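Asker: Let me begin by handing over the structure; questions about it come next.
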Amino acid sequence: ALDRKTEVAPGGQAVRELRGRLDQESAIVEAGDVAEYKKWQDATAAGQAVERKIMSVDAVKRGIVEALATFKSDTSVKELVSRMKSDGVWTRRAGIAEALGQIAHALCVPTLVDRLKADSEPGVKVACLDALRTAKATTPDAVIAIADALKNEYWQVKSAAVTTLKSIPRGLGAAAIEPLIDALKSADGRLKSEINDALVALTGVDKHSDAASWRAWFDTNKDAVRKGEIKPGDAAP
């Protein structure tokens, strides 16, 4: 089970994170802050519900994605786009998103960008992000929308956004560098490491998950970043 702030990872990392979570709970209870404890419980329950939803889509999408991705005619793609916007079942919308990521058609990436921004269901957002990565989307609108997903309240969406940004070739993801640095300030655990890895991939520079160092580096090099002129090994100020 996962929540907005923590995750369960395999092996010793899982044990450490579970202990941290229990320590957090104990500290809240010991402080006698019942309202804060209730808020923490609600946030955990909401995050667990999102994780169950995201996991359930895998069982649905495997079959339909393979089938839908074969419908590559103009008429079929337009029908898929229409269904993704109107279907009331989120798992079907997520499945259509995954299929669109595998179809080379002019409507696919713009539709995925639109639904990433407009669909309120976290599971659909994750599917759109995965599909944009599959489609190797690097248009300015796509990069900005993916980077904006870093602000989502659920870590699952944030993690999918980071993974997708990391896959963008260096020089094409400049618009994502500052949002990643901003996201690093409040990140912890594995997400913090993932964000640093994405920044390394996009810049060729490594500031070892230190948000202040990344910010100082960006402030010095932002003109070169925006022009796509950053070279691996550029020094921090």
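Just remember, in the structure tokens the first chain shown is A, the second B, etc., residues are 1-based per chain, and ligands are 1-based in the order shown.
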Extract, using only C-alpha atoms, all DNA, RNA and protein residues at most 10 Å from range 74-87 of chain A, discarding same-chain residues fewer than 6 positions from it, and format them as an MDAnalysis selection string.
Answerer: chainID A and resid 68 93:97 99:100 103:108 111:112 114:115 118:119 124
Asker: Quick one: distance from CA of Leu132 in chain A to CA of Arg190 in chain A in Å, one decimal?
Answerer: 22.3 Å
Asker: Restricting the calculation to only C-alpha atoms, which member of A:Pro110, A:Gly101, A:Gly171, A:Pro122 is positioned closest to Lys72 in chain A?
Answerer: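 With only C-alpha atoms as the atom set, the closest residue is A:Gly101.
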Asker: List the neighbours of Ile144 in chain A out to 12 Å using only C-alpha atoms; skip same-chain residues closer than 6 positions along the sequence, and give me the result as a PDB file with all heavy atoms, in the first residue's frame.
Answerer:
```pdb
ATOM      1  N   VAL A 113      -1.783  14.666 -24.101  1.00  0.00           N
ATOM      2  CA  VAL A 113      -1.437  15.875 -23.354  1.00  0.00           C
ATOM      3  C   VAL A 113      -2.700  16.507 -22.769  1.00  0.00           C
ATOM      4  O   VAL A 113      -2.747  16.886 -21.585  1.00  0.00           O
ATOM      5  CB  VAL A 113      -0.698  16.880 -24.254  1.00  0.00           C
ATOM      6  CG1 VAL A 113      -0.581  18.244 -23.571  1.00  0.00           C
ATOM      7  CG2 VAL A 113       0.685  16.350 -24.621  1.00  0.00           C
ATOM      8  N   ASP A 114      -3.735  16.596 -23.579  1.00  0.00           N
ATOM      9  CA  ASP A 114      -4.998  17.190 -23.135  1.00  0.00           C
ATOM     10  C   ASP A 114      -5.605  16.405 -21.976  1.00  0.00           C
ATOM     11  O   ASP A 114      -6.037  16.990 -20.978  1.00  0.00           O
ATOM     12  CB  ASP A 114      -5.985  17.231 -24.305  1.00  0.00           C
ATOM     13  CG  ASP A 114      -7.364  17.695 -23.868  1.00  0.00           C
ATOM     14  OD1 ASP A 114      -7.514  18.887 -23.531  1.00  0.00           O
ATOM     15  OD2 ASP A 114      -8.299  16.857 -23.853  1.00  0.00           O
ATOM     16  N   LEU A 116      -4.059  14.277 -19.964  1.00  0.00           N
ATOM     17  CA  LEU A 116      -3.178  14.353 -18.801  1.00  0.00           C
ATOM     18  C   LEU A 116      -3.540  15.560 -17.955  1.00  0.00           C
ATOM     19  O   LEU A 116      -3.581  15.501 -16.724  1.00  0.00           O
ATOM     20  CB  LEU A 116      -1.719  14.439 -19.254  1.00  0.00           C
ATOM     21  CG  LEU A 116      -0.675  14.755 -18.176  1.00  0.00           C
ATOM     22  CD1 LEU A 116      -0.672  13.695 -17.089  1.00  0.00           C
ATOM     23  CD2 LEU A 116       0.709  14.889 -18.804  1.00  0.00           C
ATOM     24  N   LYS A 117      -3.832  16.664 -18.615  1.00  0.00           N
ATOM     25  CA  LYS A 117      -4.172  17.893 -17.890  1.00  0.00           C
ATOM     26  C   LYS A 117      -5.610  17.881 -17.379  1.00  0.00           C
ATOM     27  O   LYS A 117      -5.886  18.396 -16.285  1.00  0.00           O
ATOM     28  CB  LYS A 117      -3.951  19.100 -18.802  1.00  0.00           C
ATOM     29  CG  LYS A 117      -2.492  19.324 -19.170  1.00  0.00           C
ATOM     30  CD  LYS A 117      -2.268  20.622 -19.913  1.00  0.00           C
ATOM     31  CE  LYS A 117      -2.806  20.594 -21.317  1.00  0.00           C
ATOM     32  NZ  LYS A 117      -2.437  21.813 -22.096  1.00  0.00           N
ATOM     33  N   ALA A 137       7.218  11.410 -26.863  1.00  0.00           N
ATOM     34  CA  ALA A 137       6.712  12.765 -27.071  1.00  0.00           C
ATOM     35  C   ALA A 137       7.707  13.796 -26.541  1.00  0.00           C
ATOM     36  O   ALA A 137       8.105  13.743 -25.371  1.00  0.00           O
ATOM     37  CB  ALA A 137       5.367  12.935 -26.370  1.00  0.00           C
ATOM     38  N   THR A 138       8.087  14.721 -27.399  1.00  0.00           N
ATOM     39  CA  THR A 138       9.039  15.765 -26.997  1.00  0.00           C
ATOM     40  C   THR A 138       8.602  17.157 -27.439  1.00  0.00           C
ATOM     41  O   THR A 138       9.395  18.096 -27.403  1.00  0.00           O
ATOM     42  CB  THR A 138      10.437  15.478 -27.586  1.00  0.00           C
ATOM     43  OG1 THR A 138      10.345  15.406 -29.013  1.00  0.00           O
ATOM     44  CG2 THR A 138      11.014  14.179 -27.042  1.00  0.00           C
ATOM     45  N   LEU A 150       4.322  17.025 -12.045  1.00  0.00           N
ATOM     46  CA  LEU A 150       5.143  16.926 -10.836  1.00  0.00           C
ATOM     47  C   LEU A 150       4.456  17.588  -9.636  1.00  0.00           C
ATOM     48  O   LEU A 150       4.811  17.311  -8.490  1.00  0.00           O
ATOM     49  CB  LEU A 150       6.496  17.598 -11.060  1.00  0.00           C
ATOM     50  CG  LEU A 150       7.420  16.953 -12.096  1.00  0.00           C
ATOM     51  CD1 LEU A 150       8.568  17.897 -12.426  1.00  0.00           C
ATOM     52  CD2 LEU A 150       7.942  15.624 -11.596  1.00  0.00           C
ATOM     53  N   LYS A 151       3.489  18.457  -9.892  1.00  0.00           N
ATOM     54  CA  LYS A 151       2.782  19.155  -8.817  1.00  0.00           C
ATOM     55  C   LYS A 151       1.599  18.354  -8.277  1.00  0.00           C
ATOM     56  O   LYS A 151       0.961  18.774  -7.311  1.00  0.00           O
ATOM     57  CB  LYS A 151       2.263  20.499  -9.327  1.00  0.00           C
ATOM     58  CG  LYS A 151       3.342  21.426  -9.845  1.00  0.00           C
ATOM     59  CD  LYS A 151       2.722  22.667 -10.486  1.00  0.00           C
ATOM     60  CE  LYS A 151       3.759  23.562 -11.131  1.00  0.00           C
ATOM     61  NZ  LYS A 151       3.147  24.706 -11.839  1.00  0.00           N
ATOM     62  N   ALA A 161       5.680  10.939 -13.939  1.00  0.00           N
ATOM     63  CA  ALA A 161       6.141  12.146 -14.642  1.00  0.00           C
ATOM     64  C   ALA A 161       7.666  12.193 -14.677  1.00  0.00           C
ATOM     65  O   ALA A 161       8.267  12.502 -15.722  1.00  0.00           O
ATOM     66  CB  ALA A 161       5.589  13.392 -13.962  1.00  0.00           C
ATOM     67  N   THR A 164       9.038   9.674 -17.169  1.00  0.00           N
ATOM     68  CA  THR A 164       8.821  10.120 -18.541  1.00  0.00           C
ATOM     69  C   THR A 164       9.788  11.246 -18.910  1.00  0.00           C
ATOM     70  O   THR A 164      10.354  11.254 -20.006  1.00  0.00           O
ATOM     71  CB  THR A 164       7.362  10.574 -18.730  1.00  0.00           C
ATOM     72  OG1 THR A 164       6.496   9.472 -18.415  1.00  0.00           O
ATOM     73  CG2 THR A 164       7.099  11.011 -20.160  1.00  0.00           C
ATOM     74  N   LEU A 165       9.996  12.189 -18.001  1.00  0.00           N
ATOM     75  CA  LEU A 165      10.942  13.276 -18.270  1.00  0.00           C
ATOM     76  C   LEU A 165      12.366  12.746 -18.429  1.00  0.00           C
ATOM     77  O   LEU A 165      13.133  13.221 -19.276  1.00  0.00           O
ATOM     78  CB  LEU A 165      10.891  14.305 -17.147  1.00  0.00           C
ATOM     79  CG  LEU A 165       9.591  15.117 -17.049  1.00  0.00           C
ATOM     80  CD1 LEU A 165       9.576  15.959 -15.780  1.00  0.00           C
ATOM     81  CD2 LEU A 165       9.407  16.005 -18.277  1.00  0.00           C
ATOM     82  N   LEU A 172      16.106  18.383 -25.458  1.00  0.00           N
ATOM     83  CA  LEU A 172      14.693  18.530 -25.808  1.00  0.00           C
ATOM     84  C   LEU A 172      13.806  18.712 -24.578  1.00  0.00           C
ATOM     85  O   LEU A 172      12.623  18.988 -24.716  1.00  0.00           O
ATOM     86  CB  LEU A 172      14.213  17.307 -26.604  1.00  0.00           C
ATOM     87  CG  LEU A 172      14.915  17.066 -27.950  1.00  0.00           C
ATOM     88  CD1 LEU A 172      14.379  15.794 -28.599  1.00  0.00           C
ATOM     89  CD2 LEU A 172      14.715  18.264 -28.875  1.00  0.00           C
ATOM     90  N   GLY A 173      14.385  18.562 -23.400  1.00  0.00           N
ATOM     91  CA  GLY A 173      13.588  18.658 -22.171  1.00  0.00           C
ATOM     92  C   GLY A 173      13.952  19.839 -21.303  1.00  0.00           C
ATOM     93  O   GLY A 173      13.731  19.809 -20.083  1.00  0.00           O
ATOM     94  N   ALA A 174      14.485  20.886 -21.901  1.00  0.00           N
ATOM     95  CA  ALA A 174      14.941  22.038 -21.110  1.00  0.00           C
ATOM     96  C   ALA A 174      13.834  22.634 -20.248  1.00  0.00           C
ATOM     97  O   ALA A 174      14.080  23.082 -19.120  1.00  0.00           O
ATOM     98  CB  ALA A 174      15.509  23.113 -22.043  1.00  0.00           C
ATOM     99  N   ALA A 175      12.604  22.631 -20.762  1.00  0.00           N
ATOM    100  CA  ALA A 175      11.489  23.233 -20.017  1.00  0.00           C
ATOM    101  C   ALA A 175      11.167  22.472 -18.738  1.00  0.00           C
ATOM    102  O   ALA A 175      10.451  22.985 -17.869  1.00  0.00           O
ATOM    103  CB  ALA A 175      10.249  23.302 -20.907  1.00  0.00           C
ATOM    104  N   ALA A 176      11.679  21.250 -18.609  1.00  0.00           N
ATOM    105  CA  ALA A 176      11.379  20.433 -17.431  1.00  0.00           C
ATOM    106  C   ALA A 176      12.413  20.583 -16.327  1.00  0.00           C
ATOM    107  O   ALA A 176      12.176  20.148 -15.196  1.00  0.00           O
ATOM    108  CB  ALA A 176      11.279  18.968 -17.829  1.00  0.00           C
ATOM    109  N   ILE A 177      13.553  21.190 -16.619  1.00  0.00           N
ATOM    110  CA  ILE A 177      14.650  21.206 -15.648  1.00  0.00           C
ATOM    111  C   ILE A 177      14.294  22.005 -14.396  1.00  0.00           C
ATOM    112  O   ILE A 177      14.443  21.522 -13.267  1.00  0.00           O
ATOM    113  CB  ILE A 177      15.937  21.738 -16.301  1.00  0.00           C
ATOM    114  CG1 ILE A 177      16.411  20.733 -17.363  1.00  0.00           C
ATOM    115  CG2 ILE A 177      17.020  21.964 -15.253  1.00  0.00           C
ATOM    116  CD1 ILE A 177      17.601  21.218 -18.179  1.00  0.00           C
ATOM    117  N   GLU A 178      13.798  23.222 -14.562  1.00  0.00           N
ATOM    118  CA  GLU A 178      13.447  24.018 -13.379  1.00  0.00           C
ATOM    119  C   GLU A 178      12.297  23.398 -12.587  1.00  0.00           C
ATOM    120  O   GLU A 178      12.369  23.350 -11.351  1.00  0.00           O
ATOM    121  CB  GLU A 178      13.141  25.458 -13.767  1.00  0.00           C
ATOM    122  CG  GLU A 178      12.951  26.357 -12.543  1.00  0.00           C
ATOM    123  CD  GLU A 178      12.896  27.834 -12.881  1.00  0.00           C
ATOM    124  OE1 GLU A 178      12.609  28.162 -14.058  1.00  0.00           O
ATOM    125  OE2 GLU A 178      13.126  28.659 -11.991  1.00  0.00           O
ATOM    126  N   PRO A 179      11.215  22.898 -13.231  1.00  0.00           N
ATOM    127  CA  PRO A 179      10.170  22.225 -12.451  1.00  0.00           C
ATOM    128  C   PRO A 179      10.691  21.011 -11.669  1.00  0.00           C
ATOM    129  O   PRO A 179      10.233  20.753 -10.548  1.00  0.00           O
ATOM    130  CB  PRO A 179       9.160  21.804 -13.520  1.00  0.00           C
ATOM    131  CG  PRO A 179       9.324  22.803 -14.610  1.00  0.00           C
ATOM    132  CD  PRO A 179      10.803  23.093 -14.634  1.00  0.00           C
ATOM    133  N   LEU A 180      11.637  20.272 -12.234  1.00  0.00           N
ATOM    134  CA  LEU A 180      12.222  19.141 -11.508  1.00  0.00           C
ATOM    135  C   LEU A 180      12.990  19.631 -10.282  1.00  0.00           C
ATOM    136  O   LEU A 180      12.908  19.031  -9.201  1.00  0.00           O
ATOM    137  CB  LEU A 180      13.153  18.350 -12.426  1.00  0.00           C
ATOM    138  CG  LEU A 180      12.473  17.379 -13.397  1.00  0.00           C
ATOM    139  CD1 LEU A 180      13.450  16.948 -14.486  1.00  0.00           C
ATOM    140  CD2 LEU A 180      11.911  16.169 -12.667  1.00  0.00           C
TER     141      LEU A 180
END
```
Asker: From the list A:Leu202, A:Arg215, A:Gln156, A:Asn196, which residue is nearest Ala127 in chain A when using only C-alpha atoms?
Answerer: A:Gln156
